[in-house]
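Only one structure is covered here, and it is reproduced in the block below.
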Amino acid sequence: MRNPWSADLTRRAFLRQTGVCGLLALLPLNWRETVLRPPGSVRDFLARCIRCGKCLEACPYDSIRFLDITAGALIHTPHIDPLRTPCYLCQQRGPDGKDRPISRYLRCGEACPTGAIRRIVNDKEVLAAVPEEMKIGVSVLDRRICLAWQYDSCGECYYNCPLKDKALRDRPPREVITGATGIRPYVDPGHCIGCGMCNYVCPVRRHIAESVMKREVRLSRFEQRYAAMVRNVIGRVGEDVKLPAVRVIMRP
Ligand code: SF4
Ligand code: SF4
Ligand code: SF4
């Protein structure tokens with residue numbers, strides 16, 4: 001594999017890299033708080049990423065997007081927006097409900113030519129133990145608006161988490177819950193990689209709450225199933241609550 005920092009840089013790569021250095025000076029101070037990078041991204045990601053798009057091309061689920069011009073100096077760097085398309089961790093779910101890896105390594109890290117995204121073995125044990133600094137982020141769950149915690153319903157996040165029973169458990173460990181029969185989802189921050197699948201499937205969304213008032217909002221069957229509960233929990237907690245009920249935040 002060619003070393004991008006070596007003397008045989010192509011003219012295009014050189015211009016990209018020198019451009020990146022200049023742009024780094026313009027970075028917003030809080031960029032780390034707002035941008036979710038693909039799994040395996042290293043701490044000095046911006047110094048290494050040459051914005052070649054190889055990770056984006058390699059992703060079989062189109063989970064990776066380029067930041068657009070509104071991101072200023074971060075333009076054309078890859079990111080993940082779980083509410084639009086989560087990271088599937090290069091897994092495919094079969095008719096038996098089991099996930100299977102589609103490649104030996106996560107494809108984005110395998111394709112990255114500079115080490116901005118490290119190669120990670122596509123194995124659930126490995127993925128659940130990825131070092132903190134290489135995670136996409138970590139999910140946090142708000143019990144006040146979670147339909148499982150409030151109505152003994154839902155559980156979509158738990159069933160869809162690719163690291164189910166590691167990152168997302170059906171009960172919090174070491175917590176006694178009286179009278180509960182159904183799932184009470186709990187995110188284990190030590191094992192959650194921040195793929196965002198739970199964010200993507202969580203039905204506690206603003207448009208569902210607004211669907212009665214706004215006629216143009218049409219709900220899918222899945223959304224209709226939870227609509228009444230969603231309106232109740234959002235109405236109770238207030239308009240400024242952060243949605244959905246489980247969402248990825250930046251790694252520390
Ligand atoms: S791990 Fe796989 S699905 Fe996730 S962003 Fe990378 S290539 Fe895409
Ligand atoms: S972000 Fe959600 S779905 Fe992904 S590993 Fe963490 S808990 Fe599981
Ligand atoms: S998907 Fe959302 S509402 Fe449903 S159990 Fe998970 S966090 Fe709660």
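We label chains A, B, ... in the order they appear in the structure tokens, count residues from 1 in each chain, and number ligands from 1 in the order shown.
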| task | List all protein, DNA and RNA residues that have at least one atom no more than 10 Å from any atom of ligand 2, counting only C-alpha atoms and all ligand atoms, and write them as a VMD selection string. | result | chain A and resid 82 86 to 89 127 to 128 135 to 141 156 to 169 185 to 202 246 to 249
Spatial neighbours of Asp123 (chain A), max dist 10 Å, only C-alpha atoms, sep filter under 3 positions, as a PDB file with C-alpha atoms, in the first residue's frame:
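For reference, out_25.pdb as written:
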ATOM      1  CA  LEU A  89     -21.126  -2.695  10.677  1.00  0.00           C
ATOM      2  CA  CYS A  90     -20.816  -4.594   7.384  1.00  0.00           C
ATOM      3  CA  GLN A  91     -23.339  -7.174   8.572  1.00  0.00           C
ATOM      4  CA  ARG A 100     -23.577 -12.355   9.276  1.00  0.00           C
ATOM      5  CA  PRO A 101     -20.431 -10.441   8.330  1.00  0.00           C
ATOM      6  CA  SER A 103     -16.452  -9.068   4.706  1.00  0.00           C
ATOM      7  CA  ARG A 104     -13.436 -10.028   6.786  1.00  0.00           C
ATOM      8  CA  TYR A 105     -12.780  -6.407   7.796  1.00  0.00           C
ATOM      9  CA  LEU A 106     -15.078  -3.401   8.015  1.00  0.00           C
ATOM     10  CA  ILE A 120     -11.107  -3.552  12.106  1.00  0.00           C
ATOM     11  CA  VAL A 126     -13.901  -7.500  18.302  1.00  0.00           C
ATOM     12  CA  LEU A 127     -16.432  -4.781  17.438  1.00  0.00           C
ATOM     13  CA  ALA A 128     -17.828  -4.737  20.966  1.00  0.00           C
TER      14      ALA A 128
END
| task | Based on DSSP run over this structure's backbone, return all residues of region 95-196 of chain A in helix (DSSP H, G or I), as a PyMOL selection string. | result | chain A and resi 107-111+124-127+132-134+143-145+147-151+156-160
| task | Would you list the residues that come within 7 Å of ligand 1? Count only C-alpha atoms and all ligand atoms and give the answer as a PyMOL selection string. | result | chain A and resi 38-39+55+58-64+87-90+106-109
Take the residues that were just selected and, keeping N, CA, C and O atoms, output them as a compact mmCIF listing (two decimals), in the first residue's frame.
# COMPACT_ATOMS: atom_id res chain seq x y z
N PRO A 38 -16.69 7.46 10.53
CA PRO A 38 -16.86 6.00 10.38
C PRO A 38 -16.09 5.22 11.46
O PRO A 38 -15.13 5.74 12.03
N PRO A 39 -16.50 3.99 11.72
CA PRO A 39 -15.83 3.21 12.77
C PRO A 39 -14.37 2.95 12.41
O PRO A 39 -14.07 2.62 11.26
N CYS A 55 -13.54 5.42 1.29
CA CYS A 55 -14.41 4.81 2.31
C CYS A 55 -15.86 4.87 1.87
O CYS A 55 -16.62 3.91 2.00
N ALA A 58 -16.56 2.36 -0.71
CA ALA A 58 -16.48 0.97 -0.23
C ALA A 58 -17.69 0.57 0.60
O ALA A 58 -17.96 -0.62 0.76
N CYS A 59 -18.42 1.52 1.14
CA CYS A 59 -19.52 1.19 2.05
C CYS A 59 -20.69 0.58 1.29
O CYS A 59 -21.29 1.23 0.43
N PRO A 60 -21.06 -0.65 1.59
CA PRO A 60 -22.13 -1.30 0.83
C PRO A 60 -23.52 -0.77 1.16
O PRO A 60 -24.48 -1.07 0.46
N TYR A 61 -23.64 0.00 2.22
CA TYR A 61 -24.96 0.49 2.63
C TYR A 61 -25.14 1.99 2.43
O TYR A 61 -26.12 2.56 2.90
N ASP A 62 -24.18 2.61 1.80
CA ASP A 62 -24.23 4.08 1.62
C ASP A 62 -24.41 4.79 2.96
O ASP A 62 -25.13 5.79 3.07
N SER A 63 -23.76 4.25 3.99
CA SER A 63 -23.88 4.86 5.32
C SER A 63 -22.99 6.10 5.43
O SER A 63 -23.22 6.95 6.29
N ILE A 64 -21.96 6.17 4.60
CA ILE A 64 -21.00 7.28 4.70
C ILE A 64 -21.36 8.36 3.68
O ILE A 64 -21.62 8.07 2.52
N CYS A 87 -24.74 2.98 10.37
CA CYS A 87 -23.68 2.07 9.94
C CYS A 87 -24.15 0.65 10.26
O CYS A 87 -24.55 0.37 11.39
N TYR A 88 -24.09 -0.22 9.28
CA TYR A 88 -24.56 -1.61 9.47
C TYR A 88 -23.44 -2.51 9.95
O TYR A 88 -23.62 -3.73 10.03
N LEU A 89 -22.30 -1.93 10.25
CA LEU A 89 -21.13 -2.69 10.68
C LEU A 89 -20.81 -3.84 9.70
O LEU A 89 -20.34 -4.90 10.12
N CYS A 90 -21.09 -3.59 8.44
CA CYS A 90 -20.82 -4.59 7.38
C CYS A 90 -21.39 -5.96 7.74
O CYS A 90 -20.72 -6.99 7.59
N LEU A 106 -14.13 -4.47 8.35
CA LEU A 106 -15.08 -3.40 8.02
C LEU A 106 -14.54 -2.72 6.75
O LEU A 106 -13.36 -2.38 6.68
N ARG A 107 -15.40 -2.56 5.78
CA ARG A 107 -14.91 -2.17 4.45
C ARG A 107 -14.34 -0.76 4.38
O ARG A 107 -13.43 -0.51 3.60
N CYS A 108 -14.90 0.14 5.19
CA CYS A 108 -14.40 1.53 5.10
C CYS A 108 -12.94 1.61 5.55
O CYS A 108 -12.10 2.24 4.90
N GLY A 109 -12.62 0.90 6.63
CA GLY A 109 -11.24 0.92 7.13
C GLY A 109 -10.30 0.18 6.21
O GLY A 109 -9.13 0.56 6.06
| Closest of A:Ala227, A:Ala116, A:Ala148, A:Ile50 to ligand 3 - atom-to-atom distances counting only C-alpha atoms and all ligand atoms |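 Of A:Ala227, A:Ala116, A:Ala148, A:Ile50, the one nearest ligand 3, counting only C-alpha atoms and all ligand atoms, is A:Ala148.
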| request: Using backbone DSSP assignments, extract all strand (DSSP E) residues from region 91-252 of chain A; output them as a list in words. | output: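 Output for region 91-252 of chain A, strand (DSSP E) only: Gln91, Gln92, Arg93, Asp99, Arg100, Pro101, Gly137, Val138, Ser139, Val140, Leu141, Leu168, Arg169, Tyr186, Val187, Val246, Arg247, Val248, Ile249 and Met250 of chain A.
Between Pro113 (chain A) and the residues A:Arg231, A:Arg93, A:Lys214, A:Arg51, the shortest atom-to-atom distance, using only C-alpha atoms, involves A:Arg51.
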| Distance criterion (only C-alpha atoms and all ligand atoms): nearest to ligand 3 out of A:Cys112, A:Leu243, A:Leu147, A:Leu219 |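 Closest candidate: A:Leu147.
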| Atomic distance CA of Ser211 (chain A) - CA of Arg65 (chain A), expressed in Å with one decimal |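 Taking CA of Ser211 (chain A) and CA of Arg65 (chain A), their separation equals 28.9 Å.
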| From A:Cys52, A:Ile75, A:Leu83, A:Val204, residue lying nearest Asn232 (chain A) [only C-alpha atoms] | A:Val204
| A:Val176, A:Ala129, A:Val233, A:Ala245 ranked by distance to ligand 3, top pick (using only C-alpha atoms and all ligand atoms) | A:Ala245
| query | Restricting the calculation to only C-alpha atoms and all ligand atoms, which member of A:Arg225, A:Arg215, A:Arg143, A:Arg174 is positioned closest to ligand 3? | reply | A:Arg143
